[in-house]
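Visitor: This is the structure, below, for whatever I ask next.
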Protein chains: 4
Amino acid sequence: MTTFGESHGAGIGVVIDGCPAGVMITEQEIQEQLVWRSPGKNRYTSPRKEKDRVEILSGFFEGKTTGAPIAMFIRNIDVDSSSYESTKHLYRPGHANYTYSEKYEIFDDRGGGRASARETVARVAAGAVAKKLLAHFQIECTAFVYEIGGIPVQTLDLSNLQTLREKTYASPIFCPCEKACEKIVQEIETMKKEGDSLGGILGCVARVPTGLGEPVYCKLPALLAFAMLSIPATKGFEIGSGFQAARMQGSTHNDPFTMDQEGHVSLGTNFSGGTLGGISTGAPLFFKVAFKPTSSIRKPQQTVSLEGEKAVFQLPETARHDPCVAIRAVPIVEAMTALVLADALLMNRVARL
Amino acid sequence: MTTFGESHGAGIGVVIDGCPAGVMITEQEIQEQLVWRSPGKNRYTSPRKEKDRVEILSGFFEGKTTGAPIAMFIRNIDVDSSSYESTKHLYRPGHANYTYSEKYEIFDDRGGGRASARETVARVAAGAVAKKLLAHFQIECTAFVYEIGGIPVQTLDLSNLQTLREKTYASPIFCPCEKACEKIVQEIETMKKEGDSLGGILGCVARVPTGLGEPVYCKLPALLAFAMLSIPATKGFEIGSGFQAARMQGSTHNDPFTMDQEGHVSLGTNFSGGTLGGISTGAPLFFKVAFKPTSSIRKPQQTVSLEGEKAVFQLPETARHDPCVAIRAVPIVEAMTALVLADALLMNRVARL
Amino acid sequence: MTTFGESHGAGIGVVIDGCPAGVMITEQEIQEQLVWRSPGKNRYTSPRKEKDRVEILSGFFEGKTTGAPIAMFIRNIDVDSSSYESTKHLYRPGHANYTYSEKYEIFDDRGGGRASARETVARVAAGAVAKKLLAHFQIECTAFVYEIGGIPVQTLDLSNLQTLREKTYASPIFCPCEKACEKIVQEIETMKKEGDSLGGILGCVARVPTGLGEPVYCKLPALLAFAMLSIPATKGFEIGSGFQAARMQGSTHNDPFTMDQEGHVSLGTNFSGGTLGGISTGAPLFFKVAFKPTSSIRKPQQTVSLEGEKAVFQLPETARHDPCVAIRAVPIVEAMTALVLADALLMNRVARL
Amino acid sequence: MTTFGESHGAGIGVVIDGCPAGVMITEQEIQEQLVWRSPGKNRYTSPRKEKDRVEILSGFFEGKTTGAPIAMFIRNIDVDSSSYESTKHLYRPGHANYTYSEKYEIFDDRGGGRASARETVARVAAGAVAKKLLAHFQIECTAFVYEIGGIPVQTLDLSNLQTLREKTYASPIFCPCEKACEKIVQEIETMKKEGDSLGGILGCVARVPTGLGEPVYCKLPALLAFAMLSIPATKGFEIGSGFQAARMQGSTHNDPFTMDQEGHVSLGTNFSGGTLGGISTGAPLFFKVAFKPTSSIRKPQQTVSLEGEKAVFQLPETARHDPCVAIRAVPIVEAMTALVLADALLMNRVARL
């Protein structure tokens, strides 16, 4: 997968190379995935009207992938960088315009540019294709809000992906636990009023066969960690027991092997989170991703100008404000997971004679 | 970097391709790094006598790298798989022999094989070269024990790498805080007696210039997360505020830009952990890695045999037992960090005309 | 560089990743390169009216590359697959529809699809960017017709790239030798009447500094050979003396080292064609590429149908016919050369400390 | 495949990553391949006594590949750089010591170093593994001398690989045509006396299924051209009709499709050399590689010293002299072909669902 495009340029695109021929998928199915990412979907994410329309540029014939590179493009239609005008000479706290300037010696003052979360629309489009590929092999994954603003889900049943997915997508904030959802929504409303923002934690669970992941560097958790930390605003990744493992003892943490009712080898617990030695065990893959609070807030913040003068950064009234970027990241985490699993699945085809 | 070798084969090796010509390093300097990883270094890690001797096979001329691939090999000299004999028909809880069998349909019964922590000796050797390359650019990093068995460091000063490193390497468990060290050592002794094991968290801090890391997929945190989760027994990664970011508000989390005393742009706080938009800010890079408790314990554990019969897995008396694998991982985390930074440094050379 | 698109789909595109920030180039300059490839340029290539308009989708800000991926798209506007209707159940001699069917089990009957020479428009667009990058380092290259239908150039002066390029681009068939040009044009006219086609050989010369190319696998000639053989219809590649080297003796073939008038090391002859051990010597890089005669001819040809019945393939009257595909490949060879040199130049930045 | 090592260092090695588990091969079988490359094999190649003994360092268990990286090492045992002593301050005509110095600013004066043909012993070892993998899929290839010193084979039957291989390996110069062999041997004897050298052309033929090769950049001919031009001393590559295609007409060159006796689609001729659109047709793959005359000759040659003084380079009497490097390249071309085909075979596994 190669993505391209900036928030204030012509649009965002993606090229998928190496997708097998024969995967059936329609433009409509990709479009549906984009809608979930769209901020107009609910009132708790940025109100920018991204009427994202995907255009398939290549790689399909009669509704099937042909094995050729699949290119998709989503044109920017609501591009207005005027709200950045008044602050364009300032380094934005929590943003990448300082580091981009240092790295490239080019200062694109039209907004987030390549660093904008808008880039992720390409990932969701690519993820839609990956999901269809995975479906041929009974592999699926679902992401959800696990915790926002310090409020975690209270009940969480990972055993049934279908139910988990339904509950998640029925929630205005992608949270499968109704009680937590209610409290979180209140907290978000408070933040909106205060012009501040919240961080959060997403969970993701996947059903995968045994054998995915390479044993040393391209361990499945390593591939997932790489993919997750490539999403804007992420600060951490943990699989299975995660950081909690550091406070456990081996006699508890080691998942015992047992035989399940169908006579297959299975695991009594799943502290490992679905992999051993980097390779999937066949137990549910389960990991979490930490997101920082949205960097763009309405509260005034201390900063400096390009010329090195002390300054106050204040988001213009007209600028968009998304009080919790983690919510909107649910379809992105899900898409990146699908892409990693699709890669691992294809790589696994050459593991044996 | 390409590594090869198994715990019970001829040895472990590594090839580094793409190292610039002109880096000065001696076999002795590499050897010194290996000693830190060696379990004979202190009594709290596995007593296997790994008299690791690195042999440089290529890539040097008169003490300098030539630009050609650098190959190094560490021969296995203490290979004895007899202690695995009595349990070789069993899946080992917490180990990879089940997943390897499923993936490759080959069951290597001589111990950890490719999944063994022994593979990491190659990473430490490669990391030694990376460190010397980085030193030419005033880049350095140091890893340390941050928490073991639920006991965190009580005081931690990240401002002076030199002091931090000295304290760390003076400690029998690579822990820069003496008070925590004392308690942790007690806890480890208890585990040794009980035949059980502890998890832990390592920290790592690095001094880097601005501009390292690529903006979208190869973000510096993504590269680090990938590298860390490729280390055996790791369960999580977080940079800067990490999972704590999920409980913070944007107005606190956004590091304000200021001017330092030399007139350079600088950050008032460092919740971001040294990167913004995936690119280094010039502030100290700081991240943590979670390790699960050692899988190999003396306590009996429930498992099944290759034939699917219920069984009890019990480590033979003669087998090695390392009560906390995190300790020994300190030089490995440090080596992998150096390798990631070296890659990022070289990639950054093509960022601008 | 990643390209995408088919001859009868939405269009052809390319994404360039890794181009340094700061290269100045306008859409107009890219467009000019496309015109040279355009078949309407002269009457000796296929009359398909490809009014190729490049659209830059990303990677630029105020006329300069930003370091972000550069995407360009050329929409297909003259797509008419009706002329393929009558023959769409047949395997086309010399074409890829048989091998694509075997590989992907998908039979795209709308024309050349991904295998169409139309894909090369993306290479020319990418090459335009590469040329601008190279110009910053005084590197340039020019391709030309060396031989068509057995008629080689009679005089060829490689010492002055500027003159060579002017003569080449003044010729209706990109041939810098007027005498050869005249004969070749006659021969092509004959082929047009007969409905047959001719093969040819292109030459390419480049001015490069010493040190480009990697020493073992990514030798400069290996990279060039790979790039050239990836162009449709190519059958061979040779650098410097090429196949003629097989009939020479070492005492003649070894280029003697001398000192030039500026006191630099130089070569007395250039049988090596500009590289030794895969690395550029600083002497002009010179290589040739062989093209087969155009596969699409008007003469009837023996073939079989998808069902395995004997059949005669006859190009419909309305179908395009290009009597010599080599001519049109001149800008493509030039573009691919520029891309290889740009890669080699950037790779060389990490050769030394 | 990653190779490492220099002619005058510890030895030469190779790591193969991505070889499927389950390929059966013994150290002895690899050793046999090395013998064919060994110059002591016949009197027409360099008399350096390379008693190459391969040591398998990793990747095997009970005679089968495990899926882990396969490392092999061949120690240098006849290292004597004293014969280079007298000329070590001179640039050697036809050699890489000038370009290496320019690129790396390091002048390794101990002989060929990384540029030495000795590096190719690693390729032959790796090729031995690739051949065993290919054998599982009834794929095989054989290389041979096609022309030396302007003397081509007179009869050549490509239809039976087994016979071709037997004739080739029965010849002291790997030439399957006895008549040509006799003349070539005479010519080589003359060169030995004169202290000069000859160039040559190798042929290679392979039996492959349909569908190998990727359609655009990683076309099978492009992969082969890359592999061949990465071999030291190569100057050209052509597939099927090659440069001769430039003098043919489409009506002749287009291979007609027919049905063979088993009812499969087949080709009436094979000017295409086994691929169409970069993908194998199932017809025999056939290509040629041009080698320049050996650079190391006894005749005195004009050169300059490192200090820029005019000088005469004369190979010391004690130095090895191989009058025709092409002969010894036969097992190398064969090995590289096997490696390319193995890659293409594995890549093709992900072409379809």
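By order of appearance in the structure tokens: chains A, B, ..., then residues from 1 within every chain, and ligands from 1 in the order shown.
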Output chain D as a compact mmCIF listing (two decimals) with C-alpha atoms, in the first residue's frame, after least-squares fitting it to chain A on all in-order C-alpha pairs.
Guide:
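To be explicit, this is the file written out as superposed_33.txt:
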# COMPACT_ATOMS: atom_id res chain seq x y z
CA MET D 1 -0.01 -0.01 0.02
CA THR D 2 1.25 3.41 -0.97
CA THR D 3 -0.79 6.47 -0.05
CA PHE D 4 -0.47 10.01 -1.29
CA GLY D 5 -2.16 13.37 -0.95
CA GLU D 6 -2.54 16.28 1.42
CA SER D 7 -5.45 17.79 3.30
CA HIS D 8 -5.45 20.94 1.18
CA GLY D 9 -4.33 19.54 -2.18
CA ALA D 10 -6.30 17.79 -4.92
CA GLY D 11 -7.22 14.83 -2.78
CA ILE D 12 -6.06 11.66 -1.10
CA GLY D 13 -5.24 8.42 -2.88
CA VAL D 14 -3.90 4.96 -2.42
CA VAL D 15 -2.34 2.26 -4.57
CA ILE D 16 -2.51 -1.36 -3.43
CA ASP D 17 0.02 -3.57 -5.15
CA GLY D 18 0.04 -7.33 -4.76
CA CYS D 19 -3.65 -7.99 -4.17
CA PRO D 20 -4.53 -11.38 -5.66
CA ALA D 21 -6.85 -11.52 -8.67
CA GLY D 22 -10.43 -12.56 -8.07
CA VAL D 23 -11.47 -10.54 -5.02
CA MET D 24 -15.01 -9.26 -5.59
CA ILE D 25 -15.74 -5.76 -4.34
CA THR D 26 -17.83 -2.85 -5.52
CA GLU D 27 -17.22 0.88 -5.29
CA GLN D 28 -20.31 0.96 -3.12
CA GLU D 29 -18.80 -1.36 -0.54
CA ILE D 30 -15.70 0.79 -0.29
CA GLN D 31 -17.87 3.87 -0.02
CA GLU D 32 -19.72 2.36 2.95
CA GLN D 33 -16.47 2.01 4.85
CA LEU D 34 -15.60 5.64 4.18
CA VAL D 35 -18.90 6.73 5.64
CA TRP D 36 -18.01 5.23 9.02
CA ARG D 37 -14.85 7.29 9.08
CA SER D 38 -16.69 10.40 7.95
CA PRO D 39 -16.97 13.02 10.68
CA GLY D 40 -20.49 13.94 9.67
CA LYS D 41 -21.48 10.48 10.93
CA ASN D 42 -22.07 11.73 14.43
CA ARG D 43 -21.86 14.94 16.35
CA TYR D 44 -18.88 14.02 18.47
CA THR D 45 -16.31 14.33 15.77
CA SER D 46 -15.09 17.21 13.62
CA PRO D 47 -17.91 18.87 11.65
CA ARG D 48 -15.90 19.23 8.43
CA LYS D 49 -18.27 18.03 5.77
CA GLU D 50 -16.17 15.42 4.07
CA LYS D 51 -18.49 14.05 1.43
CA ASP D 52 -15.81 11.59 0.52
CA ARG D 53 -16.48 9.90 -2.79
CA VAL D 54 -14.02 7.19 -3.70
CA GLU D 55 -13.14 6.77 -7.36
CA ILE D 56 -11.58 3.46 -8.39
CA LEU D 57 -8.88 4.28 -10.91
CA SER D 58 -7.52 0.84 -11.74
CA GLY D 59 -7.19 -2.82 -10.93
CA PHE D 60 -10.75 -4.01 -11.48
CA PHE D 61 -12.56 -5.74 -14.32
CA GLU D 62 -16.19 -6.77 -14.09
CA GLY D 63 -16.29 -6.30 -10.33
CA LYS D 64 -13.21 -8.35 -9.55
CA THR D 65 -9.61 -7.48 -8.82
CA THR D 66 -7.36 -8.41 -11.75
CA GLY D 67 -4.05 -8.75 -9.93
CA ALA D 68 -2.94 -5.34 -11.25
CA PRO D 69 -2.35 -2.42 -8.87
CA ILE D 70 -5.58 -1.08 -7.40
CA ALA D 71 -5.67 2.71 -7.27
CA MET D 72 -8.36 4.72 -5.52
CA PHE D 73 -8.72 8.46 -5.20
CA ILE D 74 -10.85 10.61 -2.93
CA ARG D 75 -10.97 14.18 -4.11
CA ASN D 76 -10.89 17.00 -1.55
CA ILE D 77 -14.06 19.02 -1.99
CA ASP D 78 -14.27 21.07 1.17
CA VAL D 79 -10.83 22.62 1.05
CA ASP D 80 -10.63 25.92 2.78
CA SER D 81 -7.36 26.92 4.34
CA SER D 82 -8.52 30.44 5.19
CA SER D 83 -9.01 29.53 8.83
CA TYR D 84 -5.31 28.82 9.02
CA GLU D 85 -4.46 32.26 7.65
CA SER D 86 -4.20 34.09 10.95
CA THR D 87 -1.95 31.49 12.58
CA LYS D 88 0.16 30.40 9.67
CA HIS D 89 3.32 32.01 11.00
CA LEU D 90 3.14 30.03 14.26
CA TYR D 91 4.29 26.55 15.29
CA ARG D 92 1.17 24.70 16.39
CA PRO D 93 1.51 22.89 19.74
CA GLY D 94 1.07 19.14 19.36
CA HIS D 95 1.26 19.39 15.56
CA ALA D 96 3.83 18.44 12.98
CA ASN D 97 4.39 21.76 11.27
CA TYR D 98 7.56 22.36 13.30
CA THR D 99 9.09 18.96 12.58
CA TYR D 100 8.13 19.05 8.89
CA SER D 101 9.79 22.43 8.56
CA GLU D 102 12.94 21.15 10.20
CA LYS D 103 13.04 18.00 8.09
CA TYR D 104 12.10 19.35 4.67
CA GLU D 105 12.84 23.06 5.03
CA ILE D 106 9.47 23.67 3.44
CA PHE D 107 6.66 25.21 5.40
CA ASP D 108 3.26 24.33 3.94
CA ASP D 109 0.96 26.73 5.72
CA ARG D 110 -2.33 25.37 4.36
CA GLY D 111 -3.20 23.16 7.34
CA GLY D 112 -2.12 19.69 8.26
CA GLY D 113 -0.84 18.82 4.80
CA ARG D 114 0.50 15.30 4.65
CA ALA D 115 0.33 15.02 8.45
CA SER D 116 -3.40 15.63 8.48
CA ALA D 117 -5.70 12.87 9.68
CA ARG D 118 -7.29 13.26 6.28
CA GLU D 119 -4.57 10.96 4.90
CA THR D 120 -6.26 8.11 6.73
CA VAL D 121 -9.22 8.09 4.35
CA ALA D 122 -6.90 6.24 1.97
CA ARG D 123 -6.21 3.63 4.60
CA VAL D 124 -9.89 3.00 5.13
CA ALA D 125 -10.43 2.57 1.39
CA ALA D 126 -7.52 0.13 1.18
CA GLY D 127 -8.76 -1.65 4.28
CA ALA D 128 -12.10 -2.23 2.61
CA VAL D 129 -10.34 -4.24 -0.10
CA ALA D 130 -8.28 -6.13 2.47
CA LYS D 131 -11.42 -7.06 4.40
CA LYS D 132 -12.99 -8.58 1.29
CA LEU D 133 -9.84 -10.59 0.65
CA LEU D 134 -9.80 -11.79 4.26
CA ALA D 135 -13.47 -12.73 4.10
CA HIS D 136 -12.56 -15.42 1.54
CA PHE D 137 -10.55 -17.04 4.32
CA GLN D 138 -13.05 -16.49 7.17
CA ILE D 139 -10.78 -13.88 8.72
CA GLU D 140 -12.37 -10.78 10.20
CA CYS D 141 -11.60 -8.04 12.67
CA THR D 142 -13.46 -5.35 14.52
CA ALA D 143 -12.21 -2.28 16.40
CA PHE D 144 -14.06 -0.35 19.08
CA VAL D 145 -13.73 2.31 21.77
CA TYR D 146 -12.29 0.68 24.87
CA GLU D 147 -11.82 3.78 27.01
CA ILE D 148 -12.25 7.54 26.57
CA GLY D 149 -11.27 10.25 29.05
CA GLY D 150 -10.47 7.63 31.69
CA ILE D 151 -13.86 5.93 31.35
CA PRO D 152 -13.40 2.28 30.26
CA VAL D 153 -16.03 -0.13 28.99
CA GLN D 154 -17.64 -1.97 31.88
CA THR D 155 -18.67 -5.13 30.07
CA LEU D 156 -16.94 -6.51 27.04
CA ASP D 157 -17.59 -9.85 25.40
CA LEU D 158 -14.92 -10.72 22.85
CA SER D 159 -16.25 -14.19 22.12
CA ASN D 160 -18.73 -13.12 19.45
CA LEU D 161 -17.32 -10.78 16.83
CA GLN D 162 -20.66 -10.33 15.10
CA THR D 163 -22.39 -9.05 18.24
CA LEU D 164 -19.45 -6.92 19.24
CA ARG D 165 -19.42 -5.32 15.81
CA GLU D 166 -23.16 -4.63 15.85
CA LYS D 167 -23.03 -3.00 19.27
CA THR D 168 -20.02 -0.93 18.26
CA TYR D 169 -21.51 0.38 15.04
CA ALA D 170 -24.85 1.09 16.71
CA SER D 171 -23.12 3.45 19.16
CA PRO D 172 -22.63 7.14 18.27
CA ILE D 173 -19.08 6.83 19.56
CA PHE D 174 -18.26 3.26 18.43
CA CYS D 175 -18.41 2.02 22.01
CA PRO D 176 -19.96 -1.45 22.52
CA CYS D 177 -20.79 -0.81 26.19
CA GLU D 178 -23.90 1.35 26.66
CA LYS D 179 -23.12 2.43 30.20
CA ALA D 180 -19.64 3.64 29.34
CA CYS D 181 -21.00 5.27 26.21
CA GLU D 182 -23.38 7.45 28.18
CA LYS D 183 -20.69 8.74 30.53
CA ILE D 184 -18.23 9.31 27.72
CA VAL D 185 -20.73 11.33 25.71
CA GLN D 186 -21.26 13.61 28.74
CA GLU D 187 -17.55 14.06 29.15
CA ILE D 188 -17.15 14.92 25.48
CA GLU D 189 -19.90 17.52 25.72
CA THR D 190 -18.03 19.12 28.59
CA MET D 191 -14.86 19.23 26.54
CA LYS D 192 -16.66 20.81 23.62
CA LYS D 193 -17.84 23.59 25.86
CA GLU D 194 -14.41 24.06 27.37
CA GLY D 195 -12.73 23.94 24.01
CA ASP D 196 -10.50 21.16 25.25
CA SER D 197 -10.03 17.52 24.17
CA LEU D 198 -9.77 13.95 25.47
CA GLY D 199 -7.52 10.98 24.78
CA GLY D 200 -8.68 7.41 24.54
CA ILE D 201 -7.89 3.76 24.05
CA LEU D 202 -9.22 1.60 21.23
CA GLY D 203 -9.47 -2.16 21.29
CA CYS D 204 -9.39 -4.48 18.32
CA VAL D 205 -10.16 -8.16 18.09
CA ALA D 206 -9.68 -10.48 15.11
CA ARG D 207 -10.43 -14.08 14.20
CA VAL D 208 -7.39 -15.56 12.49
CA PRO D 209 -6.11 -19.03 11.67
CA THR D 210 -2.88 -20.38 13.18
CA GLY D 211 0.41 -19.64 11.46
CA LEU D 212 0.16 -15.95 10.52
CA GLY D 213 3.19 -13.79 11.26
CA GLU D 214 6.87 -14.31 10.62
CA PRO D 215 9.02 -15.63 13.46
CA VAL D 216 11.68 -12.99 14.06
CA TYR D 217 11.33 -9.44 12.78
CA CYS D 218 7.94 -9.53 11.09
CA LYS D 219 6.23 -11.01 14.11
CA LEU D 220 2.50 -10.40 13.92
CA PRO D 221 2.55 -8.12 17.00
CA ALA D 222 5.47 -6.19 15.48
CA LEU D 223 3.59 -5.67 12.22
CA LEU D 224 0.51 -4.58 14.13
CA ALA D 225 2.49 -2.24 16.38
CA PHE D 226 4.11 -0.67 13.34
CA ALA D 227 0.75 -0.21 11.63
CA MET D 228 -0.91 1.25 14.72
CA LEU D 229 1.89 3.67 15.59
CA SER D 230 1.75 4.91 12.00
CA ILE D 231 -1.76 6.25 12.67
CA PRO D 232 -1.71 9.92 13.66
CA ALA D 233 -2.07 10.70 17.40
CA THR D 234 -1.17 7.20 18.63
CA LYS D 235 1.06 6.90 21.69
CA GLY D 236 1.05 3.20 22.56
CA PHE D 237 0.27 -0.36 21.59
CA GLU D 238 -0.21 -3.48 23.65
CA ILE D 239 -1.19 -7.02 22.76
CA GLY D 240 -2.99 -9.42 25.07
CA SER D 241 -1.96 -8.70 28.65
CA GLY D 242 0.20 -5.81 27.42
CA PHE D 243 1.71 -3.59 30.09
CA GLN D 244 -0.25 -5.57 32.69
CA ALA D 245 2.03 -8.53 31.87
CA ALA D 246 4.78 -6.65 33.66
CA ARG D 247 2.92 -7.15 36.94
CA MET D 248 2.08 -10.83 36.46
CA GLN D 249 3.91 -14.05 37.22
CA GLY D 250 4.77 -16.68 34.66
CA SER D 251 2.65 -19.35 36.31
CA THR D 252 -0.43 -17.20 35.69
CA HIS D 253 0.58 -15.60 32.42
CA ASN D 254 1.48 -18.77 30.53
CA ASP D 255 -1.68 -19.83 28.72
CA PRO D 256 -2.13 -23.57 29.29
CA PHE D 257 -2.62 -25.76 26.23
CA THR D 258 -5.79 -27.84 26.22
CA MET D 259 -7.88 -29.76 23.71
CA ASP D 260 -11.15 -28.15 22.70
CA GLN D 261 -14.39 -30.00 22.09
CA GLU D 262 -13.61 -30.54 18.42
CA GLY D 263 -10.33 -32.17 19.38
CA HIS D 264 -8.11 -29.25 18.38
CA VAL D 265 -5.26 -27.82 20.39
CA SER D 266 -6.51 -24.70 22.13
CA LEU D 267 -5.54 -22.31 24.91
CA GLY D 268 -7.14 -22.23 28.35
CA THR D 269 -6.57 -18.49 28.74
CA ASN D 270 -5.47 -15.83 26.25
CA PHE D 271 -3.05 -13.55 28.06
CA SER D 272 -0.81 -13.87 25.02
CA GLY D 273 -3.49 -12.10 22.95
CA GLY D 274 -3.44 -14.54 20.09
CA THR D 275 0.23 -15.02 19.25
CA LEU D 276 3.18 -17.00 20.56
CA GLY D 277 6.64 -16.34 19.20
CA GLY D 278 5.10 -13.78 16.86
CA ILE D 279 2.87 -16.35 15.13
CA SER D 280 -0.89 -16.58 15.54
CA THR D 281 -2.17 -19.36 17.81
CA GLY D 282 -5.68 -19.44 16.41
CA ALA D 283 -7.05 -17.85 19.58
CA PRO D 284 -8.63 -14.39 19.13
CA LEU D 285 -6.08 -11.71 18.34
CA PHE D 286 -6.60 -8.88 20.82
CA PHE D 287 -4.74 -5.62 21.15
CA LYS D 288 -5.20 -2.00 22.28
CA VAL D 289 -4.01 1.32 20.96
CA ALA D 290 -3.59 4.54 22.95
CA PHE D 291 -4.49 7.90 21.42
CA LYS D 292 -3.49 11.26 22.75
CA PRO D 293 -6.11 14.00 23.16
CA THR D 294 -6.76 15.94 19.94
CA SER D 295 -4.04 18.54 19.45
CA SER D 296 -6.34 21.13 17.90
CA ILE D 297 -8.17 22.75 20.80
CA ARG D 298 -9.88 26.11 21.24
CA LYS D 299 -8.04 27.04 24.40
CA PRO D 300 -5.18 29.47 23.87
CA GLN D 301 -1.72 27.86 23.98
CA GLN D 302 1.79 29.12 24.37
CA THR D 303 4.02 28.85 21.32
CA VAL D 304 6.60 30.68 19.21
CA SER D 305 6.51 32.12 15.74
CA LEU D 306 8.67 31.08 12.81
CA GLU D 307 10.83 34.05 13.67
CA GLY D 308 11.31 32.86 17.24
CA GLU D 309 8.98 35.36 18.95
CA LYS D 310 6.83 34.26 21.86
CA ALA D 311 3.21 33.96 20.77
CA VAL D 312 -0.18 32.59 21.69
CA PHE D 313 -1.78 30.05 19.41
CA GLN D 314 -5.53 30.26 19.30
CA LEU D 315 -7.65 28.19 16.95
CA PRO D 316 -9.92 30.51 14.91
CA GLU D 317 -13.65 30.28 15.65
CA THR D 318 -14.26 29.02 12.12
CA ALA D 319 -11.82 26.14 12.45
CA ARG D 320 -13.01 22.63 13.01
CA HIS D 321 -12.71 21.13 16.48
CA ASP D 322 -12.90 17.42 17.18
CA PRO D 323 -12.96 16.85 20.97
CA CYS D 324 -11.73 13.25 20.78
CA VAL D 325 -9.77 11.98 17.82
CA ALA D 326 -9.77 8.40 19.14
CA ILE D 327 -13.43 7.90 18.26
CA ARG D 328 -12.95 8.64 14.63
CA ALA D 329 -9.92 6.35 14.57
CA VAL D 330 -12.02 3.21 15.05
CA PRO D 331 -12.49 2.51 11.32
CA ILE D 332 -8.83 3.40 10.77
CA VAL D 333 -7.54 0.92 13.34
CA GLU D 334 -9.84 -1.67 11.82
CA ALA D 335 -8.60 -0.94 8.31
CA MET D 336 -4.94 -1.08 9.27
CA THR D 337 -5.54 -4.37 11.06
CA ALA D 338 -7.16 -5.81 7.96
CA LEU D 339 -4.20 -4.68 5.86
CA VAL D 340 -1.69 -6.27 8.23
CA LEU D 341 -3.63 -9.52 8.34
CA ALA D 342 -3.94 -9.61 4.54
CA ASP D 343 -0.19 -9.17 4.23
CA ALA D 344 0.50 -11.85 6.82
CA LEU D 345 -1.93 -14.20 5.10
CA LEU D 346 -0.23 -13.78 1.72
CA MET D 347 3.27 -14.06 3.21
CA ASN D 348 2.24 -17.28 4.90
CA ARG D 349 1.58 -18.88 1.52
CA VAL D 350 5.30 -19.29 1.02
CA ALA D 351 6.05 -20.72 4.45
CA ARG D 352 5.90 -24.32 3.29
CA LEU D 353 6.49 -26.28 0.12
Visitor: Identify, with DSSP run on backbone atoms, the residues in segment 100-166 of chain A assigned to helix (DSSP H, G or I), and express the list as a ChimeraX atom specification.
Guide: /A:100-104,113-115,117-135,161-166
Visitor: Please give the complete set of residues from segment 42-219 of chain B that DSSP, run on the backbone, assigns to strand (DSSP E or B), formatted as a VMD selection string.
Guide: chain B and resid 54 to 58 60 to 61 64 to 65 70 to 75 90 140 to 148 151 to 152 198 200 to 207
